[in-house]
Amino acid sequence: MTVPSEATLKPPVAVVACGVIGRSWVRVFTRAGHPVRLWDPSRDAMEAALVWHAEECARDGRPTAAVQLCASIADVVDGVVWVQENGPESLEAKRAIFAALDAAAAPDTILASSTSTLDMTAIARDLAGAHRCIVAHPVNPPHVIPAVEVLGGEHTSEATRARTVEMLRAVGQVPVELRRYVPGFLLNRLQVALIREAIALVESGVAGVDEVDAVVRDGLGLRWALMGPFGVANTNADGGVREYLTRFGGSISGLMDDLSPTPALSPELIERLGRATDAMVGDTTAAAQRAWRDRLVARLTALKRETT
């Protein structure tokens with residue numbers, strides 16, 4: 001079963017498991033002209049991903065390559081140059097999937113994982129093809145947000161790293177190479193650091209959910225959409241980041257020492273935060289929020305590319 005497509009000479013890729021991240025990867029690859037072979041243990045999930053993909057194609061009006069639903073891992077990896085795995089965030093599950101992929105895929109096929117926390121050294125342990133296994137962790141959703149964290153395991157070859165970066169750039173993503181493994185990589189550690197303090201500020205009564213979100217949405221986030229923390233620091237003083245960290249170093253260190261302890265995510269606190277978030281978003285559904293977010297992020301990304 002396929003969606004409408006245009007002829008393409010680009011090699012096929014495989015997407016294994018097609019939840020929110022997997023289906024978004026399908027759009028990344030087909031938009032770049034790669035036919036996609038799709039497999040998920042749930043046929044319903046594959047059908048739903050196909051419907052979603054067709055809607056996305058109609059929405060953005062871009063040409064798309066074919067999507068083929070496959071019956072097994074052996075079928076999905078047949079003839080592909082790249083596999084993007086999006087299975088459960090469980091080391092046991094990842095190891096089982098990668099063992100099956102390594103046994104079935106051609107020797108030169110790259111096996112990439114969307115894992116957001118796990119070490120490829122552990123995932124690919126004892127695999128004959130550990131040299132071609134690599135983390136390619138996207139930001140959700142990757143068809144809208146281009147950054148992808150790239151990190152090999154102990155046995156990942158330099159050739160695999162180079163091919164991974166090349167492939168990601170070729171399909172319109174922005175590879176971010178990490179130098180060593182740390183749980184959560186860069187993205188989730190930074191994200192969790194912020195939400196940790198945000199929850200603590202609400203829990204302690206400093207501010208409400210809407211106020212915390214407003215400070216990011218209408219303040220910090222506007223700068224962060226253009227540059228990261230070091231870039232922001234470089235613009236916060238006439239002398240750049242050196243002056244900023246020297247001039248305000250005492251205050252910055254004091255605030256670092258005063259950050260809140262990790263809050264306990266009890267059911268009561270989660271429900272309190274949930275009710276406050278419901279009130280903030282009103283009648284807007286999560287799906288409508290995501291669609292609005294995706295439209296604006298796409299416009300912002302296009303604007304950045306046009307004006308850089």
# chains A, B, ... in the order shown; residues from 1 in each chain; ligands from 1

$ select_by_dssp --residues "region 60-305 of chain A" --states "alpha helix (DSSP H)" --output "number ranges by chain"
A: 60, 73-76, 91-104, 120-123, 158-170, 187-203, 209-215, 221-224, 229-235, 240-247, 249-258, 267-281, 286-305

$ residues_around --residues "region 109-123 of chain A" --least-positions-apart "5" --cutoff "6 Å" --atoms "only C-alpha atoms" --output "list of chain:residue names"
A:Val81, A:Trp82, A:Val83, A:Gln84, A:Glu85, A:Asn86, A:Arg95, A:Arg132, A:Cys133, A:Ile134, A:Val135, A:Ala136, A:His137, A:Gly153, A:Glu154, A:Pro183, A:Gly184

$ write_last_selection --atoms "N, CA and C atoms" --output "PDB file, in the first residue's frame"
ATOM      1  N   VAL A  81      19.143   1.461   2.502  1.00  0.00           N
ATOM      2  CA  VAL A  81      20.469   1.960   2.888  1.00  0.00           C
ATOM      3  C   VAL A  81      20.492   2.473   4.324  1.00  0.00           C
ATOM      4  N   TRP A  82      19.320   2.653   4.905  1.00  0.00           N
ATOM      5  CA  TRP A  82      19.212   3.286   6.227  1.00  0.00           C
ATOM      6  C   TRP A  82      17.993   2.718   6.936  1.00  0.00           C
ATOM      7  N   VAL A  83      18.126   2.447   8.214  1.00  0.00           N
ATOM      8  CA  VAL A  83      16.985   2.054   9.043  1.00  0.00           C
ATOM      9  C   VAL A  83      16.882   3.051  10.194  1.00  0.00           C
ATOM     10  N   GLN A  84      15.686   3.612  10.401  1.00  0.00           N
ATOM     11  CA  GLN A  84      15.436   4.491  11.538  1.00  0.00           C
ATOM     12  C   GLN A  84      14.500   3.760  12.488  1.00  0.00           C
ATOM     13  N   GLU A  85      15.030   3.362  13.631  1.00  0.00           N
ATOM     14  CA  GLU A  85      14.272   2.590  14.616  1.00  0.00           C
ATOM     15  C   GLU A  85      13.633   3.510  15.634  1.00  0.00           C
ATOM     16  N   ASN A  86      12.360   3.266  15.976  1.00  0.00           N
ATOM     17  CA  ASN A  86      11.604   4.139  16.882  1.00  0.00           C
ATOM     18  C   ASN A  86      10.795   3.333  17.888  1.00  0.00           C
ATOM     19  N   ARG A  95      17.504  -3.726  22.298  1.00  0.00           N
ATOM     20  CA  ARG A  95      18.475  -4.777  22.002  1.00  0.00           C
ATOM     21  C   ARG A  95      17.846  -5.862  21.128  1.00  0.00           C
ATOM     22  N   ARG A 132      27.969  -0.419  12.577  1.00  0.00           N
ATOM     23  CA  ARG A 132      27.066   0.388  11.752  1.00  0.00           C
ATOM     24  C   ARG A 132      25.818   0.844  12.525  1.00  0.00           C
ATOM     25  N   CYS A 133      25.880   0.746  13.864  1.00  0.00           N
ATOM     26  CA  CYS A 133      24.769   1.153  14.725  1.00  0.00           C
ATOM     27  C   CYS A 133      25.067   2.514  15.345  1.00  0.00           C
ATOM     28  N   ILE A 134      24.058   3.393  15.371  1.00  0.00           N
ATOM     29  CA  ILE A 134      24.290   4.763  15.827  1.00  0.00           C
ATOM     30  C   ILE A 134      22.989   5.381  16.333  1.00  0.00           C
ATOM     31  N   VAL A 135      23.103   6.302  17.271  1.00  0.00           N
ATOM     32  CA  VAL A 135      21.954   7.076  17.736  1.00  0.00           C
ATOM     33  C   VAL A 135      21.746   8.260  16.800  1.00  0.00           C
ATOM     34  N   ALA A 136      20.496   8.448  16.371  1.00  0.00           N
ATOM     35  CA  ALA A 136      20.094   9.651  15.637  1.00  0.00           C
ATOM     36  C   ALA A 136      18.808  10.121  16.303  1.00  0.00           C
ATOM     37  N   HIS A 137      18.966  10.833  17.402  1.00  0.00           N
ATOM     38  CA  HIS A 137      17.831  11.237  18.240  1.00  0.00           C
ATOM     39  C   HIS A 137      17.268  12.577  17.783  1.00  0.00           C
ATOM     40  N   GLY A 153      28.199   4.330  19.438  1.00  0.00           N
ATOM     41  CA  GLY A 153      28.575   3.533  20.582  1.00  0.00           C
ATOM     42  C   GLY A 153      30.073   3.261  20.553  1.00  0.00           C
ATOM     43  N   GLU A 154      30.519   2.422  21.451  1.00  0.00           N
ATOM     44  CA  GLU A 154      31.950   2.116  21.558  1.00  0.00           C
ATOM     45  C   GLU A 154      32.517   1.568  20.257  1.00  0.00           C
ATOM     46  N   PRO A 183      23.346  10.262  29.923  1.00  0.00           N
ATOM     47  CA  PRO A 183      21.916   9.963  29.866  1.00  0.00           C
ATOM     48  C   PRO A 183      21.091  11.190  29.451  1.00  0.00           C
ATOM     49  N   GLY A 184      20.219  11.013  28.473  1.00  0.00           N
ATOM     50  CA  GLY A 184      19.392  12.108  28.009  1.00  0.00           C
ATOM     51  C   GLY A 184      20.033  12.978  26.955  1.00  0.00           C
TER      52      GLY A 184
END

$ residues_around --residues "Ala105 (chain A)" --least-positions-apart "6" --cutoff "12 Å" --atoms "only C-alpha atoms" --output "list of chain:residue names"
A:Val13, A:Ala14, A:Ile73, A:Ala74, A:Asp75, A:Val76, A:Val77, A:Asp78, A:Gly79, A:Val80, A:Val81, A:Trp82, A:Val83, A:Ile97, A:Phe98, A:Ala99, A:Leu111, A:Ala128, A:Gly129, A:Arg132, A:Cys133

$ write_last_selection --atoms "C-alpha atoms" --output "CSV table (one decimal), in the first residue's frame"
chain,number,residue,atom,x,y,z
A,13,VAL,CA,15.1,3.7,3.7
A,14,ALA,CA,13.2,1.8,6.4
A,73,ILE,CA,11.6,-6.8,9.9
A,74,ALA,CA,13.2,-9.0,7.2
A,75,ASP,CA,10.9,-7.4,4.6
A,76,VAL,CA,11.3,-3.8,5.8
A,77,VAL,CA,15.1,-3.9,5.6
A,78,ASP,CA,15.3,-5.5,2.2
A,79,GLY,CA,17.3,-3.3,-0.1
A,80,VAL,CA,17.4,-0.2,2.1
A,81,VAL,CA,20.5,2.0,2.9
A,82,TRP,CA,19.2,3.3,6.2
A,83,VAL,CA,17.0,2.1,9.0
A,97,ILE,CA,15.0,-5.0,17.7
A,98,PHE,CA,18.6,-4.2,16.8
A,99,ALA,CA,19.5,-7.9,17.0
A,111,LEU,CA,21.0,1.1,11.7
A,128,ALA,CA,28.4,-8.5,14.7
A,129,GLY,CA,27.3,-5.2,13.0
A,132,ARG,CA,27.1,0.4,11.8
A,133,CYS,CA,24.8,1.2,14.7

$ atom_distance --atom1 "CA of Leu186 (chain A)" --atom2 "CA of Pro229 (chain A)"
12.6 Å

$ closest_atom_pairs --of "region 157-250 of chain A" --to "region 296-305 of chain A" --cutoff "12 Å" --atoms "only C-alpha atoms" --output "CSV"
residue,atom,partner,partner_atom,distance
A:Gly172,CA,A:Thr301,CA,11.6
A:Gln173,CA,A:Thr301,CA,11.6
A:Val174,CA,A:Thr301,CA,11.8
A:Leu222,CA,A:Leu300,CA,10.7
A:Ala225,CA,A:Leu300,CA,8.3
A:Leu226,CA,A:Lys304,CA,7.8
A:Met227,CA,A:Lys304,CA,10.9

$ residues_around --residues "Arg27 (chain A)" --least-positions-apart "6" --cutoff "8 Å" --atoms "only C-alpha atoms" --output "list of chain:residue names"
A:His53, A:Glu56, A:His143

$ residues_around --residues "Tyr244 (chain A)" --least-positions-apart "5" --cutoff "8 Å" --atoms "only C-alpha atoms" --output "PyMOL selection string"
chain A and resi 233-234+236-237+239+249

$ atom_distance --atom1 "CA of Met256 (chain A)" --atom2 "CA of Val241 (chain A)"
17.4 Å

$ closest_residue --among "A:Arg59, A:Arg43, A:Arg272, A:Arg31" --to "Val209 (chain A)" --atoms "only C-alpha atoms"
A:Arg272

$ residues_around --residues "Val206 (chain A)" --least-positions-apart "6" --cutoff "12 Å" --atoms "only C-alpha atoms" --output "JSON, numbers by chain"
{"A": [197, 198, 199, 200, 212, 260]}

$ write_last_selection --atoms "N, CA and C atoms" --output "tab-separated table (two decimals), in the first residue's frame"
chain	number	residue	atom	x	y	z
A	197	GLU	N	12.90	23.10	37.34
A	197	GLU	CA	12.76	24.36	38.07
A	197	GLU	C	11.37	24.94	37.90
A	198	ALA	N	10.77	24.77	36.72
A	198	ALA	CA	9.43	25.28	36.47
A	198	ALA	C	8.42	24.63	37.41
A	199	ILE	N	8.49	23.31	37.56
A	199	ILE	CA	7.58	22.60	38.46
A	199	ILE	C	7.80	23.03	39.90
A	200	ALA	N	9.07	23.16	40.28
A	200	ALA	CA	9.37	23.56	41.66
A	200	ALA	C	8.85	24.96	41.96
A	212	VAL	N	4.69	30.95	34.50
A	212	VAL	CA	5.94	30.30	34.12
A	212	VAL	C	6.02	30.15	32.61
A	260	SER	N	16.02	25.24	42.94
A	260	SER	CA	15.17	24.41	43.79
A	260	SER	C	15.60	22.95	43.78

$ atom_distance --atom1 "CA of Gly33 (chain A)" --atom2 "CA of Gly61 (chain A)"
13.9 Å

$ decode --residues "region 11-79 of chain A" --atoms "C-alpha atoms" --output "compact mmCIF listing (two decimals), in the first residue's frame"
# COMPACT_ATOMS: atom_id res chain seq x y z
CA PRO A 11 17.61 4.75 -2.44
CA PRO A 12 14.91 3.39 -0.11
CA VAL A 13 15.06 3.70 3.66
CA ALA A 14 13.23 1.82 6.41
CA VAL A 15 11.28 3.18 9.34
CA VAL A 16 10.72 0.65 12.12
CA ALA A 17 7.83 1.45 14.50
CA CYS A 18 5.57 4.32 13.56
CA GLY A 19 4.27 6.19 16.57
CA VAL A 20 4.51 9.98 16.75
CA ILE A 21 8.27 9.99 16.05
CA GLY A 22 8.28 7.18 13.51
CA ARG A 23 5.55 8.65 11.33
CA SER A 24 7.32 12.02 11.42
CA TRP A 25 10.54 10.36 10.18
CA VAL A 26 8.50 8.93 7.29
CA ARG A 27 7.68 12.50 6.27
CA VAL A 28 11.32 13.58 6.60
CA PHE A 29 12.54 10.86 4.23
CA THR A 30 9.71 10.94 1.67
CA ARG A 31 9.86 14.71 1.48
CA ALA A 32 13.53 14.36 0.54
CA GLY A 33 12.67 11.86 -2.19
CA HIS A 34 13.48 8.55 -0.48
CA PRO A 35 10.96 5.72 -0.84
CA VAL A 36 10.14 4.45 2.65
CA ARG A 37 9.54 0.88 3.74
CA LEU A 38 7.51 0.92 6.97
CA TRP A 39 7.05 -1.77 9.60
CA ASP A 40 5.33 -1.80 12.97
CA PRO A 41 4.08 -4.80 14.93
CA SER A 42 0.64 -3.16 14.78
CA ARG A 43 -1.01 -3.06 11.36
CA ASP A 44 -3.43 -0.43 12.70
CA ALA A 45 -0.49 1.79 13.65
CA MET A 46 0.90 1.53 10.12
CA GLU A 47 -2.47 2.36 8.57
CA ALA A 48 -2.86 5.34 10.90
CA ALA A 49 0.63 6.55 10.02
CA LEU A 50 -0.21 6.30 6.34
CA VAL A 51 -3.36 8.39 6.80
CA TRP A 52 -1.42 10.99 8.80
CA HIS A 53 1.31 11.07 6.16
CA ALA A 54 -1.19 11.63 3.35
CA GLU A 55 -2.71 14.53 5.32
CA GLU A 56 0.71 16.09 5.83
CA CYS A 57 1.51 15.74 2.14
CA ALA A 58 -1.75 17.44 1.21
CA ARG A 59 -1.15 20.19 3.74
CA ASP A 60 2.32 21.20 2.58
CA GLY A 61 1.82 20.43 -1.09
CA ARG A 62 5.30 18.98 -1.56
CA PRO A 63 6.16 16.03 -3.79
CA THR A 64 6.53 12.81 -1.88
CA ALA A 65 8.08 9.42 -2.46
CA ALA A 66 6.22 6.15 -1.91
CA VAL A 67 5.52 4.50 1.43
CA GLN A 68 5.30 0.70 1.44
CA LEU A 69 3.91 -1.24 4.39
CA CYS A 70 5.90 -4.35 5.23
CA ALA A 71 4.96 -7.55 7.04
CA SER A 72 8.19 -8.20 8.94
CA ILE A 73 11.59 -6.82 9.89
CA ALA A 74 13.17 -8.98 7.17
CA ASP A 75 10.86 -7.38 4.60
CA VAL A 76 11.34 -3.81 5.80
CA VAL A 77 15.14 -3.88 5.61
CA ASP A 78 15.27 -5.53 2.19
CA GLY A 79 17.32 -3.30 -0.11
